[in-house]
Each structure stands twice: as structure tokens, then as C-alpha cells.
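Colleague: Take a look at the following structure, please.
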Amino acid sequence: MSNAFRERGLAVCASTSSEPESVAVAELADTGVGVLRGSFDIGDIGAARRIVLDNVGLMRRTRRNPSSRHLAGFHRYPDLEPLHRMITGNVLVRKAMATALGPDFRTIGLTDITIDRSQQWHKDLLRGRFSHHLEPDDNCANHHGKVIKVIMYLQRSSSLQFVPGSHRRDVPLDSDDHAIPDPDDCVIRLPVDLGDAVLIDVCTTHCGSSDEELEMMEPGDEPRVLISTVFGRKNCAFADRMEVGNAARLADWQRREVNSG
Ligand SMILES: O=C(O)CCC(=O)C(=O)O
């Protein structure tokens, strides 16, 4: 159990092994989020920051904060491929994915880089116009534990908040408003250190920084960068639906990119 979870007295299932990947995957299965401490080399993270900041021109401003940037499907850009490989080639991440998803796990093309970008409450499922790619009901109840996002923050961070256990509970996917926690829901804010990898079930209700928090950044503050990719089980209809629906979402993103000149 990570310190962050222990401090809050959460009952996390005991892992049968004390290997870091088993502990993180036990946290993930129980709460919907797990942390692999110290997965990434600090020097590599510095190099990753430089790559991201050298390629800001590929990224769109999609929030009101003037420095906010987002690039969906970053793995398709040759200069950014090494960032994807930092996650997919990481030994601890691979062990964790094999433990959680089985030895034939793979990525599903759902990748993102964000800079100084707010993120309201949501699940990483196909939502809104793309929700029809999933089964109409009970995706979380039936399919949690099958598709997992790995996030690498390029600075210390405490932006991520989540509702433990929400990976087993469905909400309508037509609007993110349904994901906003009730006042009596337990919400955890997760501090992560440089080098930690965060594992989050795509069914988990979570959010990042608010616009208001980002507006409080000072001019000299380092940009807040996160890089993520999503892994799924092999021969899994839910993972396949997520992959196909995300491809449609990406095509839509690309179309809008072309139309915006
Ligand atoms: O900004 C954060 O820490 C959370 C990011 C997030 O919500 C996401 O990647 O889906």
C-alpha cells in the first residue's frame, strides 16, 4: 500500500507479493488507481521535458489557460515516439501490465501529452459523441480491470484526484457532469514524485487541476507536463471497442486540425 493511501486509512487488499508491481496492481484493483514509485530515471525525465517543450508547436491550446496545450495520439509523431517508448519499454511498467492484464497486454493507440491543462471530473471511457462505441450499459461493472492508463508526470505533482472504488460503478457517459462526485463521496488527492508511474483504470472517476488552480501559476513556474498511454488485454472485446472508438475520436481531432488551418 502506498503511503498516500495508508495515510488516509484506506483498506487496500493485501497483495500476496511485496514486489512493487504486485503492490501497485493490488492498489489499482482495489481503488482504481495504483502507483509504481521510482519507475522512471530522473535524467530521462529531464530529457523528456526538453523533447516536449521543443515540440510545443505540434500541440493545440484547448483550454482557457493561455499556456495550456494538448496533443492526442502523440505516438504517431516520430520526434515524440521515444516518449511513448519510455512508458512501454519501462521494466516496472511492463511487469505491472503483465500482472494486471496478462502477458499479452498491448497498447490501444490512446495516447496524450498535456501541458498546463485543466481536467474536470471524468472517466477515461469513450464519452459524449463517441460513447456509442461502448456497450450501452454497465461498462465499469463488467469491464473494470481490463484497460489501464499509465501516466508519467514530468514534475512532482498532486493534480490527480480520484474516487476510490468508482472503477466498479457506472455513470451515464453522455456528459461529464454525471462524473462529479457527490458531497459525501470519498475523494483522494494523489501526490506523485518525479519518476513515479500512475496506473489508473479507464473506469475510475478522476480529475486533474482546475482552470482556477492553473490561473494561479506564476510566469516563471515550470510547465506542468503529463504523458500517458493506455494498455489493454489481448482478445478483449472491451479493449477492442475502446481502440476503435478512440481511432474515430482521433480522426475527428485530425479533421478539426486540418479545418482550423
Ligand atoms: O492532470 C491530471 O493530473 C489528471 C489527468 C487526467 O485526468 C487524465 O489524463 O485523464
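Note on naming: chains are A, B, ... as they come in the C-alpha cells, residues start from 1 per chain, ligands start from 1 in the order shown.
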Residues of chain A that approach ligand 1 to 10 Å or less, counting only C-alpha atoms and all ligand atoms: could you list each one with the shortest pair of atoms and its distance in Å to one decimal, rows by chain and increasing residue number, as CSV?

Modeller:
```
residue,atom,partner,partner_atom_place_in_ligand_line,distance
A:Thr111,CA,ligand 1,9 (O),9.3
A:Asp112,CA,ligand 1,9 (O),7.5
A:Ile113,CA,ligand 1,9 (O),8.6
A:Thr114,CA,ligand 1,1 (O),8.0
A:Ile115,CA,ligand 1,1 (O),8.9
A:Asp116,CA,ligand 1,1 (O),8.3
A:Arg117,CA,ligand 1,1 (O),6.8
A:Ser118,CA,ligand 1,1 (O),6.5
A:Gln119,CA,ligand 1,7 (O),5.3
A:Gln120,CA,ligand 1,7 (O),7.2
A:Trp121,CA,ligand 1,7 (O),7.5
A:His122,CA,ligand 1,7 (O),7.3
A:Lys123,CA,ligand 1,10 (O),7.4
A:Asp124,CA,ligand 1,10 (O),5.9
A:Leu125,CA,ligand 1,10 (O),9.6
A:Lys149,CA,ligand 1,9 (O),8.0
A:Val150,CA,ligand 1,9 (O),8.8
A:Ile151,CA,ligand 1,9 (O),6.9
A:Met152,CA,ligand 1,9 (O),9.7
A:Tyr153,CA,ligand 1,3 (O),8.0
A:Ser157,CA,ligand 1,3 (O),7.3
A:Ser158,CA,ligand 1,3 (O),7.0
A:Ser159,CA,ligand 1,3 (O),4.3
A:Leu160,CA,ligand 1,3 (O),3.8
A:Gln161,CA,ligand 1,3 (O),7.3
A:Phe162,CA,ligand 1,7 (O),9.1
A:Arg189,CA,ligand 1,3 (O),9.6
A:Leu190,CA,ligand 1,3 (O),8.8
A:Pro191,CA,ligand 1,3 (O),9.6
A:Val192,CA,ligand 1,3 (O),9.6
A:Val198,CA,ligand 1,3 (O),9.6
A:Ile200,CA,ligand 1,10 (O),8.9
A:Val202,CA,ligand 1,10 (O),8.5
A:Thr204,CA,ligand 1,10 (O),9.7
A:Thr205,CA,ligand 1,7 (O),8.9
A:His206,CA,ligand 1,7 (O),6.0
A:Cys207,CA,ligand 1,7 (O),4.6
A:Gly208,CA,ligand 1,1 (O),3.5
A:Ser209,CA,ligand 1,1 (O),5.6
A:Ser210,CA,ligand 1,1 (O),8.8
A:Arg224,CA,ligand 1,1 (O),8.6
A:Val225,CA,ligand 1,1 (O),8.5
A:Leu226,CA,ligand 1,1 (O),7.2
A:Ile227,CA,ligand 1,9 (O),8.0
A:Ser228,CA,ligand 1,9 (O),6.7
A:Thr229,CA,ligand 1,9 (O),9.1
```

Colleague: DSSP says strand (DSSP E) for which residues of segment 10-208 of chain A? Put them as number ranges by chain?

Modeller: A: 33-36, 69-72, 106-115, 147-153, 161-162, 188-189, 197-201, 206-207

Colleague: Would you put the residues from that selection into a file with N, CA and C atoms, as a compact mmCIF listing (two decimals), in the first residue's frame?

Modeller:
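Writing done, so here's selection_18.txt:
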```txt
# COMPACT_ATOMS: atom_id res chain seq x y z
N VAL A 33 -6.79 3.06 -8.72
CA VAL A 33 -5.52 3.76 -9.02
C VAL A 33 -4.39 3.07 -8.24
N GLY A 34 -3.25 2.91 -8.88
CA GLY A 34 -2.06 2.38 -8.20
C GLY A 34 -0.85 3.23 -8.59
N VAL A 35 0.18 3.19 -7.75
CA VAL A 35 1.39 3.98 -8.06
C VAL A 35 2.60 3.07 -8.04
N LEU A 36 3.40 3.17 -9.10
CA LEU A 36 4.69 2.47 -9.14
C LEU A 36 5.75 3.51 -8.81
N ARG A 69 -1.75 23.22 -23.41
CA ARG A 69 -1.55 22.54 -24.70
C ARG A 69 -1.97 21.08 -24.57
N HIS A 70 -2.38 20.50 -25.72
CA HIS A 70 -2.78 19.09 -25.73
C HIS A 70 -2.44 18.51 -27.08
N LEU A 71 -1.89 17.32 -27.06
CA LEU A 71 -1.71 16.55 -28.31
C LEU A 71 -2.21 15.13 -28.07
N ALA A 72 -3.28 14.76 -28.77
CA ALA A 72 -3.79 13.38 -28.70
C ALA A 72 -3.07 12.56 -29.76
N ARG A 106 -1.19 -5.11 -24.58
CA ARG A 106 -0.72 -4.25 -25.68
C ARG A 106 -1.26 -2.85 -25.48
N THR A 107 -0.74 -1.89 -26.25
CA THR A 107 -1.32 -0.54 -26.18
C THR A 107 -2.46 -0.46 -27.19
N ILE A 108 -3.34 0.54 -27.02
CA ILE A 108 -4.53 0.62 -27.89
C ILE A 108 -4.59 1.95 -28.67
N GLY A 109 -3.48 2.69 -28.72
CA GLY A 109 -3.46 3.91 -29.54
C GLY A 109 -4.04 5.14 -28.86
N LEU A 110 -4.33 5.02 -27.56
CA LEU A 110 -4.92 6.16 -26.83
C LEU A 110 -3.79 6.82 -26.04
N THR A 111 -3.19 7.85 -26.63
CA THR A 111 -2.02 8.48 -26.00
C THR A 111 -2.24 9.99 -25.94
N ASP A 112 -1.71 10.61 -24.92
CA ASP A 112 -1.87 12.06 -24.77
C ASP A 112 -0.63 12.69 -24.16
N ILE A 113 -0.34 13.91 -24.61
CA ILE A 113 0.58 14.80 -23.88
C ILE A 113 -0.23 16.04 -23.55
N THR A 114 -0.17 16.47 -22.29
CA THR A 114 -0.82 17.73 -21.94
C THR A 114 0.17 18.62 -21.19
N ILE A 115 0.02 19.92 -21.38
CA ILE A 115 0.82 20.93 -20.65
C ILE A 115 -0.16 21.92 -20.01
N VAL A 147 -8.60 -2.39 -19.05
CA VAL A 147 -7.93 -1.33 -19.84
C VAL A 147 -7.38 -0.31 -18.84
N ILE A 148 -6.09 -0.07 -18.92
CA ILE A 148 -5.40 0.74 -17.89
C ILE A 148 -4.53 1.81 -18.52
N LYS A 149 -4.69 3.04 -18.01
CA LYS A 149 -3.83 4.14 -18.46
C LYS A 149 -2.62 4.24 -17.53
N VAL A 150 -1.45 4.50 -18.13
CA VAL A 150 -0.25 4.77 -17.34
C VAL A 150 0.14 6.23 -17.58
N ILE A 151 0.27 6.98 -16.49
CA ILE A 151 0.63 8.40 -16.59
C ILE A 151 2.04 8.62 -16.06
N MET A 152 2.84 9.34 -16.84
CA MET A 152 4.18 9.77 -16.39
C MET A 152 4.12 11.30 -16.28
N TYR A 153 4.25 11.80 -15.06
CA TYR A 153 4.31 13.25 -14.85
C TYR A 153 5.77 13.68 -14.99
N GLN A 161 -6.91 13.76 -8.65
CA GLN A 161 -7.84 13.36 -7.60
C GLN A 161 -8.72 12.24 -8.16
N PHE A 162 -9.11 11.30 -7.29
CA PHE A 162 -9.97 10.22 -7.79
C PHE A 162 -10.91 9.73 -6.69
N ILE A 188 -9.76 11.21 -3.11
CA ILE A 188 -8.33 11.19 -2.73
C ILE A 188 -7.54 12.05 -3.69
N ARG A 189 -6.70 12.92 -3.13
CA ARG A 189 -5.73 13.66 -3.96
C ARG A 189 -4.41 12.91 -3.86
N ALA A 197 5.19 6.23 -11.66
CA ALA A 197 4.22 5.96 -12.73
C ALA A 197 2.86 5.73 -12.07
N VAL A 198 1.85 6.41 -12.57
CA VAL A 198 0.50 6.24 -12.02
C VAL A 198 -0.28 5.29 -12.95
N LEU A 199 -0.89 4.28 -12.36
CA LEU A 199 -1.73 3.33 -13.10
C LEU A 199 -3.18 3.66 -12.77
N ILE A 200 -3.98 3.90 -13.78
CA ILE A 200 -5.39 4.24 -13.50
C ILE A 200 -6.31 3.48 -14.44
N ASP A 201 -7.25 2.79 -13.84
CA ASP A 201 -8.25 2.05 -14.62
C ASP A 201 -9.07 3.07 -15.42
N HIS A 206 -12.05 10.46 -12.07
CA HIS A 206 -10.90 11.25 -11.62
C HIS A 206 -10.93 12.64 -12.26
N CYS A 207 -10.07 13.52 -11.74
CA CYS A 207 -9.90 14.83 -12.36
C CYS A 207 -8.47 15.31 -12.15
```

Colleague: Skip Asp193 of chain A itself and residues of its chain fewer than 3 positions away, then list as a list in words all residues within 8 Å of it, counting only C-alpha atoms.

Modeller: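 Everything that qualifies: Arg37, Gly38, Gln155, Arg156, Ser157 and Asp196 of chain A.
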
Colleague: So, counting only C-alpha atoms, which residue among A:Ala141, A:Leu173, A:Leu28, A:Val93 is closest to Gly128 of chain A?

Modeller: A:Leu173

Colleague: Skipping near chain neighbours, those fewer than 3 positions away, what residues fall within 8 Å of Arg233 of chain A using only C-alpha atoms, listed as JSON, numbers by chain?

Modeller: {"A": [101, 102, 104, 105, 106, 146, 147, 236, 239]}

Colleague: Might you pull out every residue within 12 Å of segment 130-140 of chain A, with only C-alpha atoms counted and same-chain residues fewer than 2 positions away left off, and present them as a count of residues only?

Modeller: 46

Colleague: From a DSSP calculation on the backbone, collect every residue of segment 64-201 of chain A in helix (DSSP H, G or I) and output the set as a PyMOL selection string.

Modeller: chain A and resi 74-76+78-88+91-101+128-133+139-143+166-168+176-179

Colleague: Using atom CA of Ala96 of chain A and atom CA of Glu27 of chain A as the two end points, give the distance in Å to one decimal.

Modeller: 11.4 Å

Colleague: For a test of reading the model, state the distance in Å between atom CA of Gly232 of chain A and atom CA of Met97 of chain A, rounded to one decimal.

Modeller: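 Computing it gives 8.6 Å between the two atoms.
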
Colleague: What is the distance between atom CA of Val25 of chain A and atom CA of Ala100 of chain A, in Å to one decimal?

Modeller: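 Atom-to-atom, atom CA of Val25 of chain A and atom CA of Ala100 of chain A are spaced 6.1 Å apart.
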
Colleague: My list of candidates is A:Glu212, A:Gly46, A:Pro164, A:Ala29. Which is closest to Val187 of chain A when distances are computed with only C-alpha atoms?

Modeller: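 Smallest distance to Val187 of chain A is found for A:Pro164.
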